[in-house]
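Okay, so here's the structure we're looking at.
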Amino acid sequence: MATLRSLGLALALAASGLLPACTDNGPPDWPIPPPVDPSRLDTDGDGVRDASDCDPHDKNRWMEVSAFGDQDGDTWGTGLVQRLCTSSSAVPAGWASRTGDCDDKDRTRWRIVKDLYPDQDGDGATAPGPVEGCVGDPLVGYREAPGPEDCDDQDARYARGQRIWPDVDGDGYGYGTPKLLCALKPLPSGHALRDGDCSPANPFRAVPRAYGYRDADHDGTTVPSPGTLCIGDQEPFPPGYALLPAGEDCDDQDSTKWMFRDVYVDTDGDGYGTGMPQRQCAGLQPTQGKSFFGEDCAADDATRWQWRTYTHRDADGDGDTVPENGVLCSGATLPSGYDTVPRGRDCDDHNPTIRVSWTIYPDADKDGVGSGAQVTVCAGGTIPSGHSMTSTDCAPSDASAWRMVAYAHRDTDGDGFTVPQAGELCVGGALPAGYSTSAHGADCDDSNVQLHTSLTAWADSDGDGMGAGESTQLCTSGQVPPPWSGVGTDCAADDATLWRQLAYSHVDRDADGATAPEKGSACAGAALPAPYFTLASGNDCDETDPARTRWMVLYPDHDGDGVGAEPRQVSCIGATIPPGWSIYGYDTNDNDPNLSEDARSDLELDLLLNI
């Protein structure tokens with residue numbers, strides 16, 4: 001490897017003329033040139049010596065310049081100054097010789113200008129200013145002088161605006177610091193166009209409402225006292241405030257007093273006074289020793305204070321009165337024995353045991369119902385014995401009967417079943433047995449207690465409980481008697497073992513124990529008779545021959561070796577395979593009883609079974 005390097009260096013020096021070429025004619029030329037001064041070397045041949053060349057190995061770059069990064073290519077850079085090696089005094093693309101770009105991603109903006117007014121949407125209206133702006137030349141998004149106030153400087157469609165206020169409770173009235181809303185924009189949620197919410201957190205209260213009257217003591221009576229309250233438009237005024245007057249309170253600090261009234265001196269405390277009236281601020285009750293009412297008829301007796309009239313008297317105290325007019329000094333009510341309304345009509349006001357005048361009828365049998373002519377008797381509070389208020393007794397001498405009762409049905413034989421029959425009986429509490437107002441069954445024979453119910457019946461000649469033929473009506477005890485039946489569907493009227501139709505789905509007509517499918521119905525008793533069955537037993541191939549009961553696939557066996565050969569056929573057979581036939585069909589020579597298997601076939605079968 002060192003030899004190769006030496007050879008390469010020798011070739012390079014020879015090519016540059018620094019070494020004499022080797023020839024086969026003898027030693028190099030003389031004299032040998034002096035060595036080259038390193039300070040004069042120009043390795044890349046770009047005309048600039050290596051000592052001054054910023055990249056002595058690249059002839060396309062030799063001059064060093066100062067530059068700043070310029071991403072947007074607007075000739076204004078940013079960041080720290082960098083030293084670049086290039087081919088001229090001009091900086092390469094992506095770099096700039098000056099710095100200070102305020103937005104190195106937008107070539108239309110590179111300088112900071114103060115005292116500008118934002119107009120980002122270019123509609124001539126400006127946002128609040130002055131501000132500093134990163135701009136180019138000409139100005140874009142800003143103006144040197146303010147224009148009309150812009151409510152949305154991001155959309156040229158909106159300029160004019162109106163003030164809105166925060167509306168926390170959503171009642172349409174705001175409160176707090178206002179904001180500017182563009183005139184064409186919808187009102188944002190949580191703001192209102194009206195200011196002055198007196199309760200910003202309550203959606204039911206917004207504008208102060210005026211009241212005109214106060215009720216400080218809450219007695220329901222007001223005094224004039226105008227003011228305002230923060231409540232909702234539909235909210236009622238709280239207790240103690242009112243828009244309209246309610247009376248005129250003479251003392252709004254005391255709930256027991258609210259109106260001026262005339263009072264009288266009440267010495268006995270019965271609520272009624274005497275003398276001249278006095279004016280006093282009071283409530284429902286007067287002060288101690290006073291009364292709202294005058295003219296006490298007994299000023300010193302608390303149990304009496306007013307004159308009361310009476311129109312009826314009860315001298316004997318039995319509770320019934322007689323007419324009598326008068327006046328008494330009494331209390332809240334008239335004393336006992338005096339009344340303003342009648343109570344009964346005392347026929348004898350001197351005897352407390354006799355007071356009622358009864359208009360009644362004699363009741364000789366004392367069953368509570370009288371008869372005969374009406375009489376008048378002065379007695380006590382109950383009907384005197386032996387008399388009644390009614391006179392309809394149909395049996396005056398029989399205490400067990402007193403009224404006429406109609407009946408509509410009879411049960412002559414007493415079997416509990418009736419026939420229609422109308423009439424009327426003189427009875428007491430109820431109709432006697434055998435008479436009723438409503439039907440009980442329909443007795444077909446009211447002269448025989450054993451017969452009462454009419455039933456439809458059919459003749460049952462074989463006694464199996466099922467009848468047949470034409471039906472007839474029988475008068476019975478409730479059960480159809482023999483030899484009749486309440487059912488007329490006997491399918492074999494003369495055979496007691498058969499009486500109903502049963503469905504079958506299989507038959508065994510040759511009685512060989514194997515059935516064949518067949519559907520139908522048969523006249524039966526408790527169960528289907530032979531040859532009919534509901535369940536299959538085998539699959540009989542010939543219902544006319546009991547010796548043949550099944551279908552089998554058989555092969556002809558000509559040589560009698562027990563193995564047959566094609567052609568096969570389906571045969572109707574009995575319990576055994578008939579001679580000359582076999583259930584096997586693989587005999588390779590059906591004429592030789594000693595040859596029945598195919599070795600090749602056996603091999604193929606073994607291969608198939610071992611797969």
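Going through the structure tokens in order, the chains are called A, B, and so on, while each chain numbers its residues from 1 and the ligands are numbered from 1 in the order shown.
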
Who sits within 10 Å of Asp115 of chain A, only C-alpha atoms, same chain under 6 positions skipped, as a list in words = Gly129, Pro130, Val131, Glu132, Gly133, Tyr142, Arg143, Glu144, Ala145 and Pro146 of chain A

ask   = Among segment 54-250 of chain A, which ones does DSSP place in strand (DSSP E), written as a PyMOL selection string?
value = chain A and resi 63-69+78-86+95-96+111-118+131-135+142-143+161-166+173-174+179-182+191-192+194-195+208-214+223-230+241-242

key: Spatial neighbours of Val369 of chain A, 10 Å, only C-alpha atoms, chain gap at least 2 places, as a ChimeraX atom specification   = /A:361-367,371,386-396,399,401-403

query = Can you tell me, as a ChimeraX atom specification, what residues are no more than 12 Å from Leu595 of chain A when counting only C-alpha atoms, ignoring any on the same chain fewer than 4 positions away?
reply = /A:559-564,586-591,599

query = With only C-alpha atoms as the atoms that count, which of A:Val419, A:Pro483, A:Cys541, A:His312 lies nearest to Arg509 of chain A?
reply =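 The shortest atom-to-atom distance to Arg509 of chain A comes from A:Cys541.
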
request  = Select, from A:Pro578, A:Pro238, A:Gly100, A:Gly469, the residue with the minimum atom-to-atom distance to Asp494 of chain A, counting only C-alpha atoms.
outcome  = A:Gly469

message = Env of Asp106 of chain A: 12 Å cut, atoms = only C-alpha atoms, seq-sep filter 3 positions within chain, self excluded. Answer as a ChimeraX atom specification.
response = /A:70-77,101-103,109-111,134-136,140

message = Can you tell me which residues surround Gly467 of chain A at a distance of at most 8 Å, considering only C-alpha atoms, apart from same-chain residues fewer than 6 positions away, and format the answer as JSON, numbers by chain?
response = {"A": [457, 458, 459, 460, 461, 484, 485, 486, 487, 488, 489, 490, 493]}

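Take atom CA of Asn539 of chain A and atom CA of Gly574 of chain A: the distance between them is 11.6 Å.
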
query = When you draw a straight line from atom CA of Asp58 of chain A to atom CA of Ala90 of chain A, how long is it in Å?
reply =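 These two atoms are separated by 17.8 Å.
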